[in-house]
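Participant: Provided below: coords.cif, containing mmCIF, C-alpha atoms.
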```cif
data_run
#
loop_
_atom_site.label_atom_id
_atom_site.label_comp_id
_atom_site.auth_asym_id
_atom_site.auth_seq_id
_atom_site.Cartn_x
_atom_site.Cartn_y
_atom_site.Cartn_z
CA MET A 24 -138.13 11.20 -51.18
CA TYR A 25 -140.89 11.48 -48.61
CA PHE A 26 -143.40 13.35 -50.80
CA GLU A 27 -145.29 11.67 -53.62
CA SER A 28 -145.05 14.59 -56.02
CA LEU A 29 -143.45 18.01 -56.35
CA ALA A 30 -146.88 19.56 -55.80
CA ALA A 31 -147.15 17.71 -52.48
CA ALA A 32 -143.67 18.91 -51.52
CA TRP A 33 -144.72 22.48 -52.38
CA HIS A 34 -147.93 22.24 -50.33
CA MET A 35 -146.52 20.22 -47.37
CA GLU A 36 -150.01 19.56 -46.03
CA GLY A 37 -150.65 23.23 -45.43
CA HIS A 38 -147.22 24.15 -44.01
CA GLY A 39 -145.54 24.75 -47.39
CA GLY A 40 -145.94 28.52 -47.24
CA TYR A 41 -144.11 28.77 -43.91
CA VAL A 42 -141.36 26.30 -44.75
CA TRP A 43 -140.54 27.60 -48.23
CA LEU A 44 -140.67 31.23 -47.07
CA ALA A 45 -138.19 30.45 -44.28
CA TYR A 46 -135.85 28.67 -46.71
CA ALA A 47 -136.11 31.44 -49.34
CA LEU A 48 -135.27 34.17 -46.81
CA THR A 49 -132.37 32.11 -45.44
CA ALA A 50 -130.99 31.45 -48.93
CA THR A 51 -131.03 35.20 -49.66
CA ALA A 52 -129.20 35.93 -46.40
CA LEU A 53 -126.58 33.24 -47.06
CA VAL A 54 -125.87 34.64 -50.53
CA LEU A 55 -125.45 38.11 -48.98
CA MET A 56 -122.96 36.68 -46.44
CA VAL A 57 -120.63 35.88 -49.33
CA TRP A 58 -121.57 38.65 -51.74
CA LEU A 59 -121.27 41.66 -49.38
CA PRO A 60 -117.62 41.07 -48.33
CA LEU A 61 -116.68 40.31 -51.95
CA ALA A 62 -118.31 43.57 -53.10
CA ARG A 63 -116.38 45.47 -50.41
CA HIS A 64 -113.15 43.75 -51.50
CA ARG A 65 -113.76 44.75 -55.14
CA ARG A 66 -114.53 48.35 -54.11
CA HIS A 67 -111.18 48.55 -52.29
CA LEU A 68 -109.36 47.07 -55.28
CA ARG A 69 -110.96 49.69 -57.56
CA TRP A 70 -109.77 52.42 -55.18
CA ILE A 71 -106.22 51.07 -55.35
CA ALA A 72 -106.33 50.90 -59.15
CA ALA A 73 -107.61 54.50 -59.33
CA ASP A 74 -104.90 55.58 -56.88
CA GLN A 75 -102.30 53.92 -59.08
CA ARG A 76 -103.59 55.83 -62.11
CA ARG A 77 -103.50 59.10 -60.15
CA GLN A 78 -99.88 58.51 -59.21
CA VAL A 79 -98.92 57.78 -62.82
CA ALA A 80 -100.75 60.93 -63.99
CA ASP A 81 -99.07 63.09 -61.31
CA SER A 82 -95.54 61.91 -61.98
CA PRO A 83 -93.69 64.08 -64.53
CA MET B 2 -95.95 21.79 -31.14
CA GLN B 3 -93.23 23.97 -32.62
CA ARG B 4 -94.94 23.84 -36.00
CA MET B 5 -98.24 24.90 -34.47
CA TRP B 6 -96.64 27.99 -32.91
CA THR B 7 -94.95 28.86 -36.19
CA PHE B 8 -98.35 28.59 -37.86
CA ILE B 9 -100.01 30.84 -35.26
CA HIS B 10 -97.25 33.42 -35.66
CA LYS B 11 -97.68 33.36 -39.42
CA LEU B 12 -101.42 34.05 -39.02
CA GLY B 13 -100.48 37.46 -37.61
CA SER B 14 -98.58 38.40 -40.77
CA PRO B 15 -100.88 40.18 -43.25
CA PRO B 16 -99.12 39.07 -46.50
CA TRP B 17 -99.03 35.44 -45.36
CA PHE B 18 -102.59 35.50 -44.09
CA PHE B 19 -103.83 37.12 -47.29
CA ALA B 20 -102.31 34.36 -49.45
CA PHE B 21 -103.35 31.55 -47.10
CA SER B 22 -106.96 32.72 -46.68
CA GLY B 23 -107.33 33.11 -50.45
CA THR B 24 -106.43 29.46 -51.02
CA LEU B 25 -108.55 28.32 -48.07
CA VAL B 26 -111.68 30.12 -49.30
CA ARG B 27 -111.29 28.68 -52.80
CA TRP B 28 -111.47 25.18 -51.27
CA LEU B 29 -114.04 25.82 -48.56
CA LEU B 30 -116.63 27.66 -50.63
CA PRO B 31 -117.50 24.80 -53.05
CA VAL B 32 -117.60 22.30 -50.15
CA THR B 33 -119.94 24.64 -48.25
CA VAL B 34 -122.32 25.09 -51.20
CA LEU B 35 -122.38 21.32 -51.75
CA LEU B 36 -123.16 20.58 -48.09
CA LEU B 37 -125.86 23.28 -47.99
CA ALA B 38 -127.56 21.84 -51.09
CA LEU B 39 -127.31 18.29 -49.74
CA GLY B 40 -128.59 19.18 -46.27
CA ALA B 41 -131.44 21.36 -47.58
CA CYS B 42 -132.70 18.70 -50.05
CA TRP B 43 -132.38 16.01 -47.38
CA GLY B 44 -134.22 18.02 -44.74
CA LEU B 45 -136.90 19.41 -47.07
CA LEU B 46 -137.70 16.38 -49.21
CA VAL B 47 -136.28 13.16 -47.76
CA ALA B 48 -136.59 13.32 -43.96
CA PRO B 49 -139.92 12.16 -42.50
CA PRO B 50 -142.34 14.73 -40.98
CA ASP B 51 -142.55 15.24 -37.23
CA PHE B 52 -145.40 13.24 -35.70
CA ARG B 53 -146.72 16.21 -33.76
CA GLN B 54 -145.68 19.29 -35.79
CA GLY B 55 -146.06 17.81 -39.27
CA ASN B 56 -143.99 19.45 -41.99
CA SER B 57 -143.46 22.83 -40.34
CA TYR B 58 -140.65 21.27 -38.27
CA ARG B 59 -138.50 21.20 -41.47
CA ILE B 60 -137.52 24.78 -40.59
CA ILE B 61 -135.32 23.15 -37.91
CA TYR B 62 -132.69 22.43 -40.60
CA ILE B 63 -131.97 26.15 -41.01
CA HIS B 64 -133.15 27.51 -37.65
CA VAL B 65 -130.95 25.37 -35.38
CA PRO B 66 -127.75 25.60 -37.49
CA ALA B 67 -128.11 29.40 -37.72
CA ALA B 68 -128.66 29.71 -33.96
CA VAL B 69 -125.83 27.29 -33.06
CA VAL B 70 -123.30 29.06 -35.28
CA ALA B 71 -124.52 32.53 -34.21
CA LEU B 72 -123.63 31.54 -30.62
CA ALA B 73 -120.32 29.90 -31.58
CA GLY B 74 -119.51 32.99 -33.63
CA TYR B 75 -119.82 35.10 -30.52
CA TYR B 76 -117.07 33.03 -28.86
CA VAL B 77 -114.85 33.62 -31.89
CA MET B 78 -115.56 37.36 -31.67
CA ALA B 79 -115.01 37.50 -27.90
CA ILE B 80 -111.74 35.51 -28.01
CA ALA B 81 -110.45 37.68 -30.86
CA GLY B 82 -111.50 40.77 -28.89
CA ALA B 83 -109.62 39.56 -25.79
CA ILE B 84 -106.47 38.82 -27.84
CA SER B 85 -106.62 42.24 -29.46
CA LEU B 86 -107.03 43.95 -26.06
CA ILE B 87 -104.34 41.99 -24.21
CA TRP B 88 -101.64 41.45 -26.83
CA ARG B 89 -102.52 44.27 -29.24
CA ILE B 90 -102.42 41.90 -32.21
CA LYS B 91 -103.91 43.76 -35.15
CA MET B 92 -105.08 40.61 -36.94
CA ALA B 93 -107.21 39.71 -33.90
CA ASP B 94 -108.95 43.08 -34.18
CA VAL B 95 -109.59 42.46 -37.88
CA ALA B 96 -111.03 39.02 -37.04
CA MET B 97 -113.22 40.42 -34.27
CA ARG B 98 -114.79 43.03 -36.51
CA ALA B 99 -115.21 40.56 -39.40
CA ALA B 100 -117.21 38.22 -37.15
CA ALA B 101 -119.73 40.92 -36.15
CA PRO B 102 -121.73 41.35 -39.40
CA VAL B 103 -121.64 37.59 -40.06
CA GLY B 104 -122.93 36.83 -36.57
CA ALA B 105 -125.63 39.48 -36.97
CA VAL B 106 -126.91 37.87 -40.18
CA LEU B 107 -126.93 34.39 -38.58
CA THR B 108 -128.77 35.65 -35.50
CA GLY B 109 -131.21 37.42 -37.82
CA ILE B 110 -131.84 34.14 -39.69
CA ALA B 111 -132.44 32.31 -36.39
CA LEU B 112 -134.93 34.98 -35.25
CA VAL B 113 -136.82 35.25 -38.55
CA THR B 114 -137.04 31.48 -39.19
CA GLY B 115 -138.04 31.04 -35.53
CA ALA B 116 -140.88 33.53 -36.01
CA ILE B 117 -142.05 31.74 -39.17
CA TRP B 118 -141.88 28.40 -37.34
CA GLY B 119 -143.68 29.86 -34.31
CA LYS B 120 -146.77 30.90 -36.28
CA PRO B 121 -148.05 27.40 -37.21
CA THR B 122 -146.63 25.78 -34.04
CA TRP B 123 -147.42 28.23 -31.22
CA GLY B 124 -149.97 30.37 -33.05
CA ALA B 125 -147.84 33.52 -32.71
CA TRP B 126 -145.04 35.10 -34.74
CA TRP B 127 -143.36 36.44 -31.65
CA VAL B 128 -143.45 35.84 -27.89
CA TRP B 129 -141.27 37.54 -25.28
CA ASP B 130 -139.90 34.26 -24.03
CA ALA B 131 -136.46 34.05 -22.39
CA ARG B 132 -134.71 32.22 -25.25
CA ILE B 133 -136.05 34.54 -27.95
CA THR B 134 -135.41 37.71 -25.96
CA SER B 135 -131.82 36.73 -25.15
CA MET B 136 -131.26 35.94 -28.87
CA LEU B 137 -132.61 39.40 -29.73
CA ILE B 138 -130.04 40.87 -27.31
CA LEU B 139 -127.34 38.85 -29.10
CA PHE B 140 -128.51 40.38 -32.39
CA PHE B 141 -128.17 43.90 -30.95
CA LEU B 142 -124.73 43.08 -29.50
CA TYR B 143 -123.49 42.07 -32.95
CA LEU B 144 -125.00 45.18 -34.54
CA GLY B 145 -123.58 47.24 -31.66
CA VAL B 146 -120.03 46.18 -32.48
CA VAL B 147 -120.53 47.19 -36.13
CA ALA B 148 -122.12 50.53 -35.19
CA LEU B 149 -119.65 51.36 -32.41
CA PHE B 150 -116.67 50.99 -34.74
CA GLU B 151 -118.28 53.29 -37.30
CA ALA B 152 -119.10 55.88 -34.60
CA TYR B 153 -115.44 56.57 -33.73
CA GLU B 154 -113.19 58.80 -35.81
CA ASN B 155 -110.09 57.36 -34.08
CA LYS B 156 -110.00 53.75 -35.26
CA ALA B 157 -107.57 52.53 -32.57
CA ALA B 158 -109.95 53.74 -29.85
CA ALA B 159 -112.87 52.27 -31.80
CA ALA B 160 -111.24 48.84 -31.87
CA LYS B 161 -110.63 48.99 -28.13
CA ALA B 162 -114.22 50.03 -27.38
CA CYS B 163 -115.56 47.22 -29.61
CA ALA B 164 -113.38 44.64 -27.83
CA VAL B 165 -114.66 45.82 -24.43
CA LEU B 166 -118.30 45.72 -25.62
CA THR B 167 -117.75 42.21 -27.01
CA LEU B 168 -116.31 40.96 -23.71
CA VAL B 169 -119.07 42.53 -21.62
CA GLY B 170 -121.64 40.93 -23.95
CA THR B 171 -120.40 37.40 -23.20
CA VAL B 172 -122.61 37.46 -20.06
CA ASN B 173 -125.51 36.92 -22.45
CA ILE B 174 -124.16 33.62 -23.84
CA PRO B 175 -124.77 31.31 -20.83
CA ILE B 176 -128.16 33.00 -20.41
CA ILE B 177 -129.12 31.99 -23.95
CA TYR B 178 -127.93 28.41 -23.38
CA LYS B 179 -129.67 28.00 -20.05
CA SER B 180 -132.82 30.05 -20.79
CA VAL B 181 -134.88 27.01 -21.81
CA ASP B 182 -134.01 25.27 -18.52
CA TRP B 183 -134.18 28.27 -16.16
CA TRP B 184 -137.50 29.66 -17.32
CA TYR B 185 -140.62 27.75 -18.17
CA SER B 186 -141.12 28.79 -21.76
CA LEU B 187 -142.69 27.91 -25.07
CA HIS B 188 -139.32 27.24 -26.67
CA GLN B 189 -138.43 23.56 -26.65
CA PRO B 190 -135.23 22.45 -24.89
CA ALA B 191 -132.21 21.22 -26.84
CA SER B 192 -132.62 17.88 -28.64
CA LEU B 193 -128.93 17.54 -29.48
CA LYS B 194 -126.46 16.56 -26.79
CA PHE B 195 -122.71 16.18 -26.87
CA THR B 196 -122.89 13.41 -24.30
CA GLY B 197 -125.56 10.75 -24.17
CA GLU B 198 -128.39 9.95 -26.53
CA SER B 199 -129.85 12.78 -28.60
CA ALA B 200 -133.63 13.07 -28.39
CA ILE B 201 -134.01 12.97 -32.15
CA ASP B 202 -134.26 10.08 -34.61
CA ALA B 203 -131.31 9.31 -36.92
CA SER B 204 -133.42 10.02 -40.02
CA MET B 205 -133.81 13.62 -38.79
CA LEU B 206 -130.45 13.90 -37.03
CA TYR B 207 -128.14 13.32 -40.02
CA PRO B 208 -129.50 16.10 -42.26
CA LEU B 209 -129.37 18.41 -39.23
CA LEU B 210 -125.70 17.59 -38.61
CA VAL B 211 -124.92 18.18 -42.31
CA MET B 212 -126.57 21.60 -42.14
CA ILE B 213 -124.76 22.53 -38.91
CA ALA B 214 -121.43 21.62 -40.54
CA ALA B 215 -122.37 23.65 -43.63
CA PHE B 216 -123.28 26.72 -41.55
CA TYR B 217 -119.98 26.49 -39.63
CA LEU B 218 -118.08 26.39 -42.93
CA LEU B 219 -120.08 29.30 -44.31
CA PHE B 220 -119.31 31.30 -41.17
CA ALA B 221 -115.59 30.62 -41.71
CA VAL B 222 -115.78 31.57 -45.40
CA SER B 223 -117.70 34.78 -44.71
CA VAL B 224 -115.40 35.88 -41.88
CA LEU B 225 -112.31 35.19 -44.02
CA LEU B 226 -113.79 37.21 -46.91
CA TYR B 227 -114.55 40.17 -44.61
CA MET B 228 -111.01 39.93 -43.17
CA ARG B 229 -109.50 39.96 -46.67
CA ALA B 230 -111.56 43.00 -47.68
CA GLU B 231 -110.41 44.80 -44.52
CA LEU B 232 -106.74 43.83 -45.04
CA VAL B 233 -106.82 45.19 -48.59
CA TRP B 234 -108.02 48.51 -47.21
CA GLN B 235 -105.59 48.68 -44.27
CA HIS B 236 -102.63 47.83 -46.49
CA ARG B 237 -103.74 49.74 -49.58
CA ASN B 238 -100.40 51.58 -49.72
CA ALA B 239 -98.20 48.59 -48.77
CA SER B 240 -95.78 47.33 -51.38
CA TRP B 241 -96.56 43.63 -50.72
CA LEU B 242 -100.20 44.18 -51.61
CA ARG B 243 -99.51 46.29 -54.68
CA GLN B 244 -97.04 43.66 -55.85
CA ARG B 245 -99.62 40.93 -55.32
CA LEU B 246 -102.15 42.89 -57.31
CA GLY B 247 -99.55 43.51 -60.00
CA THR B 248 -100.09 47.25 -60.00
CA SER B 249 -96.59 48.39 -59.09
#
```
Write the structure described by the file as structure tokens, please.

Facilitator:
Amino acid sequence: MYFESLAAAWHMEGHGGYVWLAYALTATALVLMVWLPLARHRRHLRWIAADQRRQVADSP
Amino acid sequence: MQRMWTFIHKLGSPPWFFAFSGTLVRWLLPVTVLLLALGACWGLLVAPPDFRQGNSYRIIYIHVPAAVVALAGYYVMAIAGAISLIWRIKMADVAMRAAAPVGAVLTGIALVTGAIWGKPTWGAWWVWDARITSMLILFFLYLGVVALFEAYENKAAAAKACAVLTLVGTVNIPIIYKSVDWWYSLHQPASLKFTGESAIDASMLYPLLVMIAAFYLLFAVSVLLYMRAELVWQHRNASWLRQRLGTS
């Protein structure tokens, strides 16, 4: 490790705010890149399940 | 050779692709997360600071991978768009539209991290320099493909219009690459080279390469997930899908 302590890594000689902000925003975006398509997938699966139930209810 | 063509043909088959991509994502996602964690810790905590920029340069480990993959993603989108226009292969259209939101997010990351890096380095969040402006155009091209598809009621016409927009937008790609050489600008030229010595020390180069690999993998995972979500919708009434889901 380059830094002597976690506090030094947090501060980064004055640049910590910029660096950690950039990494935090990127981490959020990367999580969304996986979460958004999965959420869409689940929404489509729920539609199919509901459609299935409708068909069962409609059949005599 | 024969096996490769068989494989390419299979990719066009929705049931086969759905099964294959599911397995692929299950393997790729953990590897991606591992590489991202490794590269981020390495770049943030282990690599030495830059002698001129100090610690702010550590943003390079997310800024450059995001920008590199955002550009590479445009090739993927443009090639898929060309295939869908010329051979009318539906899977290529699905791939093209899946790449658009992913590319938009990556370009957004490159722009935002670039702005945050610019403040302590150049003293400004934003400058209208050639590299940054052409990246902003790339961002709008990606968003344009998403918006254009939504704007059409007729989805076949929408797909065609998106493919044309994608192909026209490729003019922007060489401009982005060459912008730092053609115009005198604040943005530094590329430090990584495919041929010859890279202008970056090994202690900084390795974590950067790890992060670039991780971002490529994440791009693949995200595009595959978007494609799977789209396939589920397009084939919502197909028997193969309902059988797979165990609902019929």

Participant: Distance cut-off 7 Å, counting all atoms listed in the file - which residues of chain B neighbour chain A? Return them as a PDB file with C-alpha atoms, in the frame of the given file.

Facilitator:
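Full text of selection-v3.pdb as output:
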```pdb
ATOM      1  CA  LEU B  46    -137.700  16.380 -49.210  1.00  0.00           C
ATOM      2  CA  VAL B  47    -136.280  13.160 -47.760  1.00  0.00           C
ATOM      3  CA  ALA B  48    -136.590  13.320 -43.960  1.00  0.00           C
ATOM      4  CA  PRO B  49    -139.920  12.160 -42.500  1.00  0.00           C
ATOM      5  CA  ASN B  56    -143.990  19.450 -41.990  1.00  0.00           C
ATOM      6  CA  SER B  57    -143.460  22.830 -40.340  1.00  0.00           C
ATOM      7  CA  ARG B  59    -138.500  21.200 -41.470  1.00  0.00           C
ATOM      8  CA  ILE B  60    -137.520  24.780 -40.590  1.00  0.00           C
ATOM      9  CA  VAL B 103    -121.640  37.590 -40.060  1.00  0.00           C
ATOM     10  CA  VAL B 106    -126.910  37.870 -40.180  1.00  0.00           C
ATOM     11  CA  ILE B 110    -131.840  34.140 -39.690  1.00  0.00           C
ATOM     12  CA  THR B 114    -137.040  31.480 -39.190  1.00  0.00           C
ATOM     13  CA  ILE B 117    -142.050  31.740 -39.170  1.00  0.00           C
ATOM     14  CA  TRP B 118    -141.880  28.400 -37.340  1.00  0.00           C
ATOM     15  CA  SER B 223    -117.700  34.780 -44.710  1.00  0.00           C
ATOM     16  CA  LEU B 226    -113.790  37.210 -46.910  1.00  0.00           C
ATOM     17  CA  TYR B 227    -114.550  40.170 -44.610  1.00  0.00           C
ATOM     18  CA  ALA B 230    -111.560  43.000 -47.680  1.00  0.00           C
ATOM     19  CA  VAL B 233    -106.820  45.190 -48.590  1.00  0.00           C
ATOM     20  CA  TRP B 234    -108.020  48.510 -47.210  1.00  0.00           C
ATOM     21  CA  ARG B 237    -103.740  49.740 -49.580  1.00  0.00           C
TER      22      ARG B 237
END
```

Participant: Name the residues in contact with region 148-155 of chain B at a cut-off of 12 Å, using all atoms listed in the file, excluding same-chain residues fewer than 4 positions from it; report them as a list in words.

Facilitator: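 Contacts, with the query itself left out: Asp94, Val95, Met97, Arg98, Ala99, Ala101, Pro102, Ala105, Phe141, Leu142, Tyr143, Leu144, Ala159, Ala160, Lys161, Ala162, Cys163, Ala164, Val165, Leu166 and Thr167 of chain B.
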
Participant: Suppose a student applies the PyMOL selection byres ((chain B and resi 132) around 9) to this structure; what residues should they get, written as a JSON list (two decimals) with C-alpha atoms, in the coordinates of the input?

Facilitator:
```json
[["chain", "number", "residue", "atom", "x", "y", "z"],
["B", 129, "TRP", "CA", -141.27, 37.54, -25.28],
["B", 130, "ASP", "CA", -139.90, 34.26, -24.03],
["B", 131, "ALA", "CA", -136.46, 34.05, -22.39],
["B", 133, "ILE", "CA", -136.05, 34.54, -27.95],
["B", 134, "THR", "CA", -135.41, 37.71, -25.96],
["B", 135, "SER", "CA", -131.82, 36.73, -25.15],
["B", 136, "MET", "CA", -131.26, 35.94, -28.87],
["B", 137, "LEU", "CA", -132.61, 39.40, -29.73],
["B", 176, "ILE", "CA", -128.16, 33.00, -20.41],
["B", 177, "ILE", "CA", -129.12, 31.99, -23.95],
["B", 178, "TYR", "CA", -127.93, 28.41, -23.38],
["B", 179, "LYS", "CA", -129.67, 28.00, -20.05],
["B", 180, "SER", "CA", -132.82, 30.05, -20.79],
["B", 181, "VAL", "CA", -134.88, 27.01, -21.81],
["B", 184, "TRP", "CA", -137.50, 29.66, -17.32],
["B", 186, "SER", "CA", -141.12, 28.79, -21.76],
["B", 188, "HIS", "CA", -139.32, 27.24, -26.67]]
```

Participant: As a check of understanding, name the residues that the PyMOL selection byres ((chain B and resi 29-32) around 12) selects in the supplied structure, as a ChimeraX atom specification.

Facilitator: /A:53-54,56-57 /B:22-28,33-39,211,214-223,225-226

Participant: Name every residue that the PyMOL selection byres ((chain B and resi 76) around 12) selects in this structure, writing the answer as a PyMOL selection string with chains first and numbers rising.

Facilitator: chain B and resi 69-75+77-83+96-97+100-101+104+139+143+167-168+170-175

Participant: Record the distance separating CA of Ile213 (chain B) and CA of Asp182 (chain B), expressed in Å with one decimal.

Facilitator: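 So the answer is 22.6 Å.
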
Participant: Work out how far CA of Pro15 (chain B) is from CA of Leu232 (chain B), in Å to one decimal.

Facilitator: 7.1 Å

Participant: Between CA of His10 (chain B) and CA of Ala157 (chain B), what is the distance in Å, rounded to a tenth?

Facilitator: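 Distance between the two atoms: 21.9 Å.
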
Participant: I need every residue sitting at most 10 Å from the point (-98.3, 39.7, -46.7) (coordinates as in the file, all atoms listed in the file considered), written as a PDB file with C-alpha atoms, in the coordinates of the input.

Facilitator:
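This is the output file point-v9.pdb:
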```pdb
ATOM      1  CA  LYS B  11     -97.680  33.360 -39.420  1.00  0.00           C
ATOM      2  CA  GLY B  13    -100.480  37.460 -37.610  1.00  0.00           C
ATOM      3  CA  SER B  14     -98.580  38.400 -40.770  1.00  0.00           C
ATOM      4  CA  PRO B  15    -100.880  40.180 -43.250  1.00  0.00           C
ATOM      5  CA  PRO B  16     -99.120  39.070 -46.500  1.00  0.00           C
ATOM      6  CA  TRP B  17     -99.030  35.440 -45.360  1.00  0.00           C
ATOM      7  CA  PHE B  18    -102.590  35.500 -44.090  1.00  0.00           C
ATOM      8  CA  PHE B  19    -103.830  37.120 -47.290  1.00  0.00           C
ATOM      9  CA  ALA B  20    -102.310  34.360 -49.450  1.00  0.00           C
ATOM     10  CA  PHE B  21    -103.350  31.550 -47.100  1.00  0.00           C
ATOM     11  CA  LEU B 232    -106.740  43.830 -45.040  1.00  0.00           C
ATOM     12  CA  HIS B 236    -102.630  47.830 -46.490  1.00  0.00           C
ATOM     13  CA  ALA B 239     -98.200  48.590 -48.770  1.00  0.00           C
ATOM     14  CA  SER B 240     -95.780  47.330 -51.380  1.00  0.00           C
ATOM     15  CA  TRP B 241     -96.560  43.630 -50.720  1.00  0.00           C
ATOM     16  CA  LEU B 242    -100.200  44.180 -51.610  1.00  0.00           C
ATOM     17  CA  ARG B 245     -99.620  40.930 -55.320  1.00  0.00           C
TER      18      ARG B 245
END
```
